[in-house]
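Coordinates as given in coords34.csv (CSV, N, CA and C atoms):
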```csv
chain,number,residue,atom,x,y,z
Q,233,GLN,N,5.6,-38.1,-11.7
Q,233,GLN,CA,6.1,-38.9,-12.8
Q,233,GLN,C,5.1,-39.2,-13.8
Q,234,VAL,N,5.4,-39.3,-15.0
Q,234,VAL,CA,4.5,-39.7,-16.1
Q,234,VAL,C,4.7,-41.2,-16.3
Q,235,GLN,N,3.6,-41.9,-16.6
Q,235,GLN,CA,3.6,-43.3,-17.0
Q,235,GLN,C,3.2,-43.4,-18.5
Q,236,LEU,N,4.0,-44.2,-19.2
Q,236,LEU,CA,3.8,-44.4,-20.6
Q,236,LEU,C,3.4,-45.9,-20.9
Q,237,VAL,N,2.3,-46.1,-21.6
Q,237,VAL,CA,1.8,-47.4,-21.9
Q,237,VAL,C,1.7,-47.6,-23.4
Q,238,GLU,N,2.5,-48.5,-24.0
Q,238,GLU,CA,2.4,-48.8,-25.4
Q,238,GLU,C,1.3,-49.8,-25.7
Q,239,SER,N,0.8,-49.8,-26.9
Q,239,SER,CA,-0.1,-50.8,-27.4
Q,239,SER,C,0.0,-50.8,-28.9
Q,240,GLY,N,-0.5,-51.9,-29.5
Q,240,GLY,CA,-0.6,-52.0,-30.9
Q,240,GLY,C,0.4,-53.0,-31.6
Q,241,GLY,N,1.3,-53.5,-30.8
Q,241,GLY,CA,2.3,-54.5,-31.4
Q,241,GLY,C,1.6,-55.8,-31.8
Q,242,GLY,N,2.4,-56.6,-32.4
Q,242,GLY,CA,1.8,-57.9,-32.8
Q,242,GLY,C,2.7,-58.6,-33.9
Q,243,LEU,N,2.1,-59.5,-34.5
Q,243,LEU,CA,2.7,-60.3,-35.6
Q,243,LEU,C,2.1,-59.9,-36.9
Q,244,VAL,N,3.0,-59.6,-37.9
Q,244,VAL,CA,2.5,-59.2,-39.2
Q,244,VAL,C,3.4,-59.7,-40.3
Q,245,GLN,N,2.9,-60.0,-41.4
Q,245,GLN,CA,3.8,-60.5,-42.5
Q,245,GLN,C,4.5,-59.3,-43.2
Q,246,ALA,N,5.7,-59.6,-43.7
Q,246,ALA,CA,6.5,-58.6,-44.4
Q,246,ALA,C,5.6,-57.9,-45.5
Q,247,GLY,N,5.7,-56.6,-45.5
Q,247,GLY,CA,4.9,-55.8,-46.4
Q,247,GLY,C,3.7,-55.2,-45.7
Q,248,GLY,N,3.4,-55.7,-44.6
Q,248,GLY,CA,2.2,-55.3,-43.9
Q,248,GLY,C,2.4,-54.0,-43.0
Q,249,SER,N,1.4,-53.7,-42.3
Q,249,SER,CA,1.4,-52.4,-41.5
Q,249,SER,C,1.0,-52.7,-40.1
Q,250,LEU,N,1.5,-51.9,-39.2
Q,250,LEU,CA,1.0,-51.9,-37.8
Q,250,LEU,C,1.0,-50.4,-37.3
Q,251,SER,N,0.2,-50.2,-36.4
Q,251,SER,CA,0.1,-48.8,-35.8
Q,251,SER,C,0.3,-49.0,-34.3
Q,252,LEU,N,1.3,-48.3,-33.7
Q,252,LEU,CA,1.6,-48.3,-32.3
Q,252,LEU,C,1.1,-47.1,-31.7
Q,253,SER,N,0.6,-47.2,-30.5
Q,253,SER,CA,0.2,-46.0,-29.7
Q,253,SER,C,0.9,-46.0,-28.3
Q,254,CYS,N,1.0,-44.9,-27.8
Q,254,CYS,CA,1.6,-44.7,-26.5
Q,254,CYS,C,0.7,-43.7,-25.7
Q,255,ALA,N,0.1,-44.2,-24.7
Q,255,ALA,CA,-0.8,-43.3,-23.8
Q,255,ALA,C,0.0,-42.9,-22.6
Q,256,ALA,N,0.0,-41.5,-22.4
Q,256,ALA,CA,0.7,-41.0,-21.3
Q,256,ALA,C,-0.3,-40.6,-20.2
Q,257,SER,N,0.2,-40.8,-18.9
Q,257,SER,CA,-0.7,-40.5,-17.8
Q,257,SER,C,-0.8,-39.0,-17.5
Q,258,GLY,N,0.0,-38.2,-18.1
Q,258,GLY,CA,0.0,-36.8,-18.0
Q,258,GLY,C,0.2,-36.1,-19.3
Q,259,SER,N,0.3,-34.8,-19.2
Q,259,SER,CA,0.5,-34.0,-20.4
Q,259,SER,C,1.9,-34.3,-21.1
Q,260,ILE,N,1.8,-34.5,-22.4
Q,260,ILE,CA,3.1,-34.7,-23.1
Q,260,ILE,C,3.6,-33.5,-23.8
Q,261,PHE,N,2.8,-32.4,-23.7
Q,261,PHE,CA,3.2,-31.2,-24.4
Q,261,PHE,C,4.4,-30.6,-23.8
Q,262,SER,N,4.6,-30.8,-22.5
Q,262,SER,CA,5.7,-30.1,-21.8
Q,262,SER,C,7.1,-30.8,-22.0
Q,263,PHE,N,7.1,-32.0,-22.6
Q,263,PHE,CA,8.3,-32.7,-22.8
Q,263,PHE,C,9.1,-32.1,-24.0
Q,264,ASN,N,10.4,-32.1,-24.0
Q,264,ASN,CA,11.2,-31.6,-25.1
Q,264,ASN,C,10.9,-32.4,-26.3
Q,265,ALA,N,10.7,-33.7,-26.2
Q,265,ALA,CA,10.5,-34.5,-27.3
Q,265,ALA,C,9.8,-35.8,-26.9
Q,266,MET,N,9.2,-36.5,-27.8
Q,266,MET,CA,8.7,-37.8,-27.6
Q,266,MET,C,9.3,-38.7,-28.7
Q,267,GLY,N,9.5,-39.9,-28.4
Q,267,GLY,CA,10.1,-40.8,-29.4
Q,267,GLY,C,9.7,-42.2,-29.2
Q,268,TRP,N,10.1,-43.0,-30.3
Q,268,TRP,CA,9.9,-44.4,-30.3
Q,268,TRP,C,11.3,-45.0,-30.5
Q,269,TYR,N,11.7,-46.0,-29.7
Q,269,TYR,CA,12.9,-46.7,-29.8
Q,269,TYR,C,12.6,-48.1,-30.0
Q,270,ARG,N,13.6,-48.9,-30.5
Q,270,ARG,CA,13.4,-50.3,-30.6
Q,270,ARG,C,14.7,-51.1,-30.2
Q,271,GLN,N,14.5,-52.3,-29.7
Q,271,GLN,CA,15.6,-53.1,-29.3
Q,271,GLN,C,15.3,-54.5,-29.8
Q,272,ALA,N,16.2,-55.0,-30.7
Q,272,ALA,CA,16.1,-56.3,-31.2
Q,272,ALA,C,17.0,-57.2,-30.3
Q,273,PRO,N,16.7,-58.5,-30.3
Q,273,PRO,CA,17.5,-59.4,-29.4
Q,273,PRO,C,19.0,-59.3,-29.7
Q,274,GLY,N,19.7,-59.2,-28.6
Q,274,GLY,CA,21.2,-59.1,-28.7
Q,274,GLY,C,21.7,-57.8,-29.2
Q,275,LYS,N,20.9,-56.8,-29.4
Q,275,LYS,CA,21.3,-55.5,-30.0
Q,275,LYS,C,20.9,-54.4,-29.0
Q,276,GLU,N,21.6,-53.2,-29.3
Q,276,GLU,CA,21.3,-52.1,-28.4
Q,276,GLU,C,20.0,-51.4,-28.8
Q,277,ARG,N,19.4,-50.7,-27.9
Q,277,ARG,CA,18.2,-49.9,-28.1
Q,277,ARG,C,18.6,-48.7,-29.0
Q,278,VAL,N,17.8,-48.5,-30.1
Q,278,VAL,CA,18.1,-47.4,-31.0
Q,278,VAL,C,16.9,-46.6,-31.2
Q,279,LEU,N,17.1,-45.3,-31.5
Q,279,LEU,CA,16.0,-44.4,-31.8
Q,279,LEU,C,15.4,-44.7,-33.2
Q,280,VAL,N,14.1,-44.8,-33.3
Q,280,VAL,CA,13.4,-45.1,-34.5
Q,280,VAL,C,12.9,-43.8,-35.1
Q,281,ALA,N,12.2,-43.1,-34.2
Q,281,ALA,CA,11.6,-41.8,-34.7
Q,281,ALA,C,11.4,-40.9,-33.5
Q,282,ARG,N,11.4,-39.6,-33.7
Q,282,ARG,CA,11.4,-38.6,-32.7
Q,282,ARG,C,10.6,-37.4,-33.1
Q,283,ILE,N,9.8,-36.9,-32.3
Q,283,ILE,CA,9.1,-35.6,-32.6
Q,283,ILE,C,9.3,-34.6,-31.5
Q,284,LEU,N,9.8,-33.5,-31.9
Q,284,LEU,CA,10.1,-32.4,-30.9
Q,284,LEU,C,8.8,-31.7,-30.5
Q,285,ARG,N,8.9,-30.9,-29.5
Q,285,ARG,CA,7.7,-30.1,-29.1
Q,285,ARG,C,7.2,-29.2,-30.2
Q,286,SER,N,8.2,-28.7,-31.0
Q,286,SER,CA,7.9,-27.9,-32.2
Q,286,SER,C,7.1,-28.6,-33.3
Q,287,GLY,N,7.2,-29.9,-33.2
Q,287,GLY,CA,6.5,-30.7,-34.3
Q,287,GLY,C,7.5,-31.3,-35.3
Q,288,LEU,N,8.8,-30.8,-35.2
Q,288,LEU,CA,9.8,-31.3,-36.1
Q,288,LEU,C,10.0,-32.8,-35.8
Q,289,THR,N,10.3,-33.6,-36.9
Q,289,THR,CA,10.5,-35.0,-36.7
Q,289,THR,C,11.8,-35.5,-37.2
Q,290,ASP,N,12.2,-36.6,-36.7
Q,290,ASP,CA,13.5,-37.2,-37.1
Q,290,ASP,C,13.3,-38.7,-37.1
Q,291,TYR,N,13.9,-39.4,-38.1
Q,291,TYR,CA,13.8,-40.8,-38.3
Q,291,TYR,C,15.1,-41.5,-38.5
Q,292,LEU,N,15.1,-42.8,-38.0
Q,292,LEU,CA,16.2,-43.7,-38.4
Q,292,LEU,C,16.2,-43.8,-39.9
Q,293,VAL,N,17.3,-43.8,-40.5
Q,293,VAL,CA,17.4,-43.8,-42.0
Q,293,VAL,C,16.6,-45.0,-42.6
Q,294,SER,N,16.7,-46.1,-41.9
Q,294,SER,CA,16.2,-47.4,-42.5
Q,294,SER,C,14.6,-47.4,-42.4
Q,295,VAL,N,14.0,-46.5,-41.7
Q,295,VAL,CA,12.6,-46.5,-41.6
Q,295,VAL,C,11.9,-45.3,-42.2
Q,296,LYS,N,12.8,-44.3,-42.6
Q,296,LYS,CA,12.3,-43.1,-43.3
Q,296,LYS,C,11.5,-43.5,-44.5
Q,297,ASP,N,10.4,-42.8,-44.7
Q,297,ASP,CA,9.4,-43.0,-45.8
Q,297,ASP,C,8.6,-44.3,-45.6
Q,298,ARG,N,8.8,-45.0,-44.5
Q,298,ARG,CA,7.9,-46.2,-44.2
Q,298,ARG,C,7.2,-45.9,-42.9
Q,299,PHE,N,7.8,-45.2,-41.9
Q,299,PHE,CA,7.2,-45.0,-40.6
Q,299,PHE,C,6.8,-43.5,-40.5
Q,300,THR,N,5.8,-43.3,-39.7
Q,300,THR,CA,5.4,-41.9,-39.5
Q,300,THR,C,5.0,-41.7,-38.0
Q,301,ILE,N,5.7,-40.8,-37.4
Q,301,ILE,CA,5.4,-40.5,-36.0
Q,301,ILE,C,4.5,-39.3,-35.9
Q,302,SER,N,3.6,-39.4,-34.9
Q,302,SER,CA,2.7,-38.2,-34.7
Q,302,SER,C,2.3,-38.2,-33.2
Q,303,ARG,N,1.8,-37.0,-32.8
Q,303,ARG,CA,1.4,-36.8,-31.4
Q,303,ARG,C,0.1,-36.1,-31.4
Q,304,ASP,N,-0.7,-36.5,-30.4
Q,304,ASP,CA,-2.0,-35.8,-30.1
Q,304,ASP,C,-1.9,-35.2,-28.7
Q,305,ASN,N,-1.5,-34.0,-28.6
Q,305,ASN,CA,-1.3,-33.3,-27.3
Q,305,ASN,C,-2.6,-33.3,-26.5
Q,306,ALA,N,-3.7,-33.2,-27.2
Q,306,ALA,CA,-5.0,-33.1,-26.5
Q,306,ALA,C,-5.3,-34.4,-25.8
Q,307,LYS,N,-4.9,-35.5,-26.4
Q,307,LYS,CA,-5.2,-36.8,-25.9
Q,307,LYS,C,-3.9,-37.4,-25.2
Q,308,ASN,N,-2.9,-36.7,-25.1
Q,308,ASN,CA,-1.6,-37.2,-24.5
Q,308,ASN,C,-1.2,-38.5,-25.1
Q,309,THR,N,-1.2,-38.6,-26.4
Q,309,THR,CA,-0.9,-39.9,-27.0
Q,309,THR,C,0.1,-39.7,-28.1
Q,310,LEU,N,1.0,-40.6,-28.2
Q,310,LEU,CA,2.0,-40.7,-29.3
Q,310,LEU,C,1.7,-41.9,-30.2
Q,311,HIS,N,1.9,-41.7,-31.5
Q,311,HIS,CA,1.6,-42.8,-32.4
Q,311,HIS,C,2.8,-43.1,-33.3
Q,312,LEU,N,2.9,-44.3,-33.8
Q,312,LEU,CA,3.9,-44.6,-34.8
Q,312,LEU,C,3.2,-45.5,-35.9
Q,313,GLN,N,3.0,-45.0,-37.0
Q,313,GLN,CA,2.4,-45.8,-38.1
Q,313,GLN,C,3.5,-46.4,-38.9
Q,314,MET,N,3.5,-47.7,-39.0
Q,314,MET,CA,4.6,-48.5,-39.6
Q,314,MET,C,4.0,-49.2,-40.9
Q,315,ASN,N,4.5,-48.8,-42.0
Q,315,ASN,CA,4.1,-49.4,-43.3
Q,315,ASN,C,5.3,-50.2,-43.9
Q,316,SER,N,4.9,-51.0,-44.8
Q,316,SER,CA,6.0,-51.8,-45.6
Q,316,SER,C,7.0,-52.4,-44.6
Q,317,LEU,N,6.4,-53.1,-43.6
Q,317,LEU,CA,7.3,-53.7,-42.6
Q,317,LEU,C,8.2,-54.8,-43.2
Q,318,LYS,N,9.4,-54.9,-42.6
Q,318,LYS,CA,10.4,-55.8,-43.0
Q,318,LYS,C,10.8,-56.7,-41.8
Q,319,PRO,N,11.3,-57.9,-42.1
Q,319,PRO,CA,11.7,-58.8,-41.0
Q,319,PRO,C,12.7,-58.1,-40.0
Q,320,GLU,N,13.5,-57.2,-40.6
Q,320,GLU,CA,14.5,-56.5,-39.8
Q,320,GLU,C,13.9,-55.5,-38.9
Q,321,ASP,N,12.6,-55.2,-39.0
Q,321,ASP,CA,11.9,-54.3,-38.1
Q,321,ASP,C,11.5,-55.0,-36.8
Q,322,THR,N,11.7,-56.3,-36.8
Q,322,THR,CA,11.3,-57.1,-35.6
Q,322,THR,C,12.1,-56.6,-34.4
Q,323,ALA,N,11.4,-56.3,-33.3
Q,323,ALA,CA,12.0,-55.8,-32.1
Q,323,ALA,C,10.9,-55.5,-31.1
Q,324,VAL,N,11.4,-55.2,-29.9
Q,324,VAL,CA,10.5,-54.6,-28.9
Q,324,VAL,C,10.6,-53.1,-29.1
Q,325,TYR,N,9.4,-52.4,-29.2
Q,325,TYR,CA,9.3,-51.0,-29.4
Q,325,TYR,C,9.0,-50.3,-28.1
Q,326,TYR,N,9.7,-49.3,-27.8
Q,326,TYR,CA,9.5,-48.5,-26.6
Q,326,TYR,C,9.1,-47.1,-26.9
Q,327,CYS,N,8.2,-46.6,-26.1
Q,327,CYS,CA,7.9,-45.2,-26.1
Q,327,CYS,C,8.7,-44.4,-25.1
Q,328,ALA,N,9.1,-43.2,-25.5
Q,328,ALA,CA,10.0,-42.4,-24.5
Q,328,ALA,C,9.5,-41.0,-24.5
Q,329,ALA,N,9.6,-40.4,-23.4
Q,329,ALA,CA,9.4,-39.0,-23.2
Q,329,ALA,C,10.6,-38.3,-22.7
Q,330,GLU,N,11.1,-37.4,-23.4
Q,330,GLU,CA,12.4,-36.7,-23.1
Q,330,GLU,C,12.2,-35.4,-22.3
Q,331,ASP,N,12.7,-35.4,-21.1
Q,331,ASP,CA,12.6,-34.3,-20.2
Q,331,ASP,C,14.0,-33.7,-20.1
Q,332,THR,N,14.1,-32.5,-19.5
Q,332,THR,CA,15.4,-31.9,-19.3
Q,332,THR,C,16.3,-32.7,-18.5
Q,333,LEU,N,15.8,-33.3,-17.4
Q,333,LEU,CA,16.6,-34.0,-16.5
Q,333,LEU,C,16.7,-35.5,-16.7
Q,334,ARG,N,15.7,-36.1,-17.3
Q,334,ARG,CA,15.6,-37.5,-17.5
Q,334,ARG,C,14.6,-37.9,-18.6
Q,335,ASN,N,14.7,-39.2,-19.0
Q,335,ASN,CA,13.8,-39.7,-19.9
Q,335,ASN,C,12.8,-40.7,-19.2
Q,336,TYR,N,11.6,-40.8,-19.7
Q,336,TYR,CA,10.7,-41.7,-19.2
Q,336,TYR,C,10.4,-42.8,-20.2
Q,337,TRP,N,10.2,-44.0,-19.8
Q,337,TRP,CA,10.1,-45.1,-20.7
Q,337,TRP,C,8.8,-45.9,-20.5
Q,338,GLY,N,8.2,-46.4,-21.5
Q,338,GLY,CA,7.2,-47.4,-21.4
Q,338,GLY,C,7.7,-48.8,-21.2
Q,339,GLN,N,6.8,-49.8,-21.1
Q,339,GLN,CA,7.3,-51.1,-20.8
Q,339,GLN,C,7.7,-51.9,-22.1
Q,340,GLY,N,7.3,-51.3,-23.3
Q,340,GLY,CA,7.6,-51.9,-24.5
Q,340,GLY,C,6.5,-52.8,-25.1
Q,341,THR,N,6.5,-52.9,-26.4
Q,341,THR,CA,5.5,-53.7,-27.1
Q,341,THR,C,6.2,-54.5,-28.2
Q,342,GLN,N,6.0,-55.8,-28.3
Q,342,GLN,CA,6.7,-56.6,-29.3
Q,342,GLN,C,6.1,-56.4,-30.7
Q,343,VAL,N,7.0,-56.2,-31.7
Q,343,VAL,CA,6.6,-56.2,-33.1
Q,343,VAL,C,7.4,-57.3,-33.8
Q,344,THR,N,6.7,-58.2,-34.4
Q,344,THR,CA,7.3,-59.3,-35.1
Q,344,THR,C,6.9,-59.3,-36.5
Q,345,VAL,N,7.8,-59.3,-37.5
Q,345,VAL,CA,7.5,-59.3,-38.9
Q,345,VAL,C,8.1,-60.6,-39.5
Q,346,SER,N,7.2,-61.4,-40.0
Q,346,SER,CA,7.6,-62.7,-40.6
Q,346,SER,C,7.8,-62.5,-42.1
Q,347,SER,N,8.8,-63.3,-42.6
Q,347,SER,CA,9.1,-63.2,-44.0
Q,347,SER,C,8.3,-64.1,-44.8
```
As structure tokens, how would this structure be written, given the file I've shared?
Amino acid sequence: QVQLVESGGGLVQAGGSLSLSCAASGSIFSFNAMGWYRQAPGKERVLVARILRSGLTDYLVSVKDRFTISRDNAKNTLHLQMNSLKPEDTAVYYCAAEDTLRNYWGQGTQVTVSS
């Protein structure tokens, strides 16, 4: 099993930036996709950004043009650069690795954007 550990969350003012990282204990290249999800209090977990093995990316509409997902296969690391943050981006952000049979999840990192 692969273990995923997120880092980089914190408190930032609206308009600011944060960079999240997800370190995997094994190779991430074999996964169908890697992604970032978020869950705000009282809400469902939603996909924020996803990058396929091919390199193609997909974003939640509300974060497109503000967030950028990237992967470093050599370092088994996934990143999410978040710019122009808004209070509605406040949530726990989870890293996910999508395999054929199951998904693997990190423990989450809190992102709080103050107005």
message = Would you compute the distance between CA of Arg334 (chain Q) and CA of Cys254 (chain Q)? Give it in Å to one decimal.
response =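 We find that CA of Arg334 (chain Q) and CA of Cys254 (chain Q) lie 18.1 Å from each other.
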inquiry  = Run DSSP on the backbone and tell me which residues of chain Q come out as strand (DSSP E); list them as a PyMOL selection string.
reply    = chain Q and resi 236-239+242-245+250-256+265-271+278-284+289-291+299-304+309-314+323-330+335-337+341-346
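Taking all atoms listed in the file, the non-local environment of Gly258 (chain Q) within 8 Å (same-chain residues fewer than 6 positions away omitted) comprises Gln233, Val234, Gln235, Leu236, Lys307, Asn308 and Thr309 of chain Q.
The space between CA of Thr289 (chain Q) and atom C of Asp321 (chain Q) spans 20.0 Å.
One finds atom N of Tyr269 (chain Q) at 19.2 Å from atom C of Val244 (chain Q).
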inquiry  = If we draw a sphere of 5 Å around (12.7, -35.0, -22.4), which residues have at least one atom in it when counting all atoms listed in the file? Please report them as a PyMOL selection string.
reply    = chain Q and resi 263-265+329-332
Sel. within 7 Å of pt (9.2, -44.3, -23.7), counting only C-alpha atoms, output as a ChimeraX atom specification = /Q:236,267-268,326-329,336-338
key: helix (DSSP H, G or I) positions in chain Q, given as a list in words   = Val293, Ser294, Val295, Pro319, Glu320 and Asp321 of chain Q
For Ala323 (chain Q), find every residue with an atom within 8 Å (counting only C-alpha atoms), except residues of its own chain fewer than 5 positions away, and show them as a short mmCIF file (atom, residue, chain, number, x, y, z; two decimals) with N, CA and C atoms, in the coordinates of the input.
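Written output follows (selection_0.cif):
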```cif
data_model
loop_
_atom_site.label_atom_id
_atom_site.label_comp_id
_atom_site.auth_asym_id
_atom_site.auth_seq_id
_atom_site.Cartn_x
_atom_site.Cartn_y
_atom_site.Cartn_z
N ARG Q 270 13.60 -48.90 -30.50
CA ARG Q 270 13.40 -50.30 -30.60
C ARG Q 270 14.70 -51.10 -30.20
N GLN Q 271 14.50 -52.30 -29.70
CA GLN Q 271 15.60 -53.10 -29.30
C GLN Q 271 15.30 -54.50 -29.80
N ALA Q 272 16.20 -55.00 -30.70
CA ALA Q 272 16.10 -56.30 -31.20
C ALA Q 272 17.00 -57.20 -30.30
N PRO Q 273 16.70 -58.50 -30.30
CA PRO Q 273 17.50 -59.40 -29.40
C PRO Q 273 19.00 -59.30 -29.70
N GLN Q 342 6.00 -55.80 -28.30
CA GLN Q 342 6.70 -56.60 -29.30
C GLN Q 342 6.10 -56.40 -30.70
N VAL Q 343 7.00 -56.20 -31.70
CA VAL Q 343 6.60 -56.20 -33.10
C VAL Q 343 7.40 -57.30 -33.80
N THR Q 344 6.70 -58.20 -34.40
CA THR Q 344 7.30 -59.30 -35.10
C THR Q 344 6.90 -59.30 -36.50
#
```
query = Got a sec: who's within 6.5 Å of region 291-302 of chain Q, counting all atoms listed in the file, leaving out chain neighbours fewer than 5 positions off, as a count of residues only?
reply = 12
task = Please provide the set of residues having any atom within 8 Å of Pro319 (chain Q), restricted to only N, CA and C atoms, with same-chain residues fewer than 5 positions apart removed, written as an NGL selection string.
result = :Q and (245-247 or 344-347)
task = Go through Q:Ser239, Q:Ser249, Q:Gln339, Q:Ser286 and flag the residue nearest Met266 (chain Q), using only C-alpha atoms for the distances.
result =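 Smallest separation from Met266 (chain Q) among the options: Q:Ser286.
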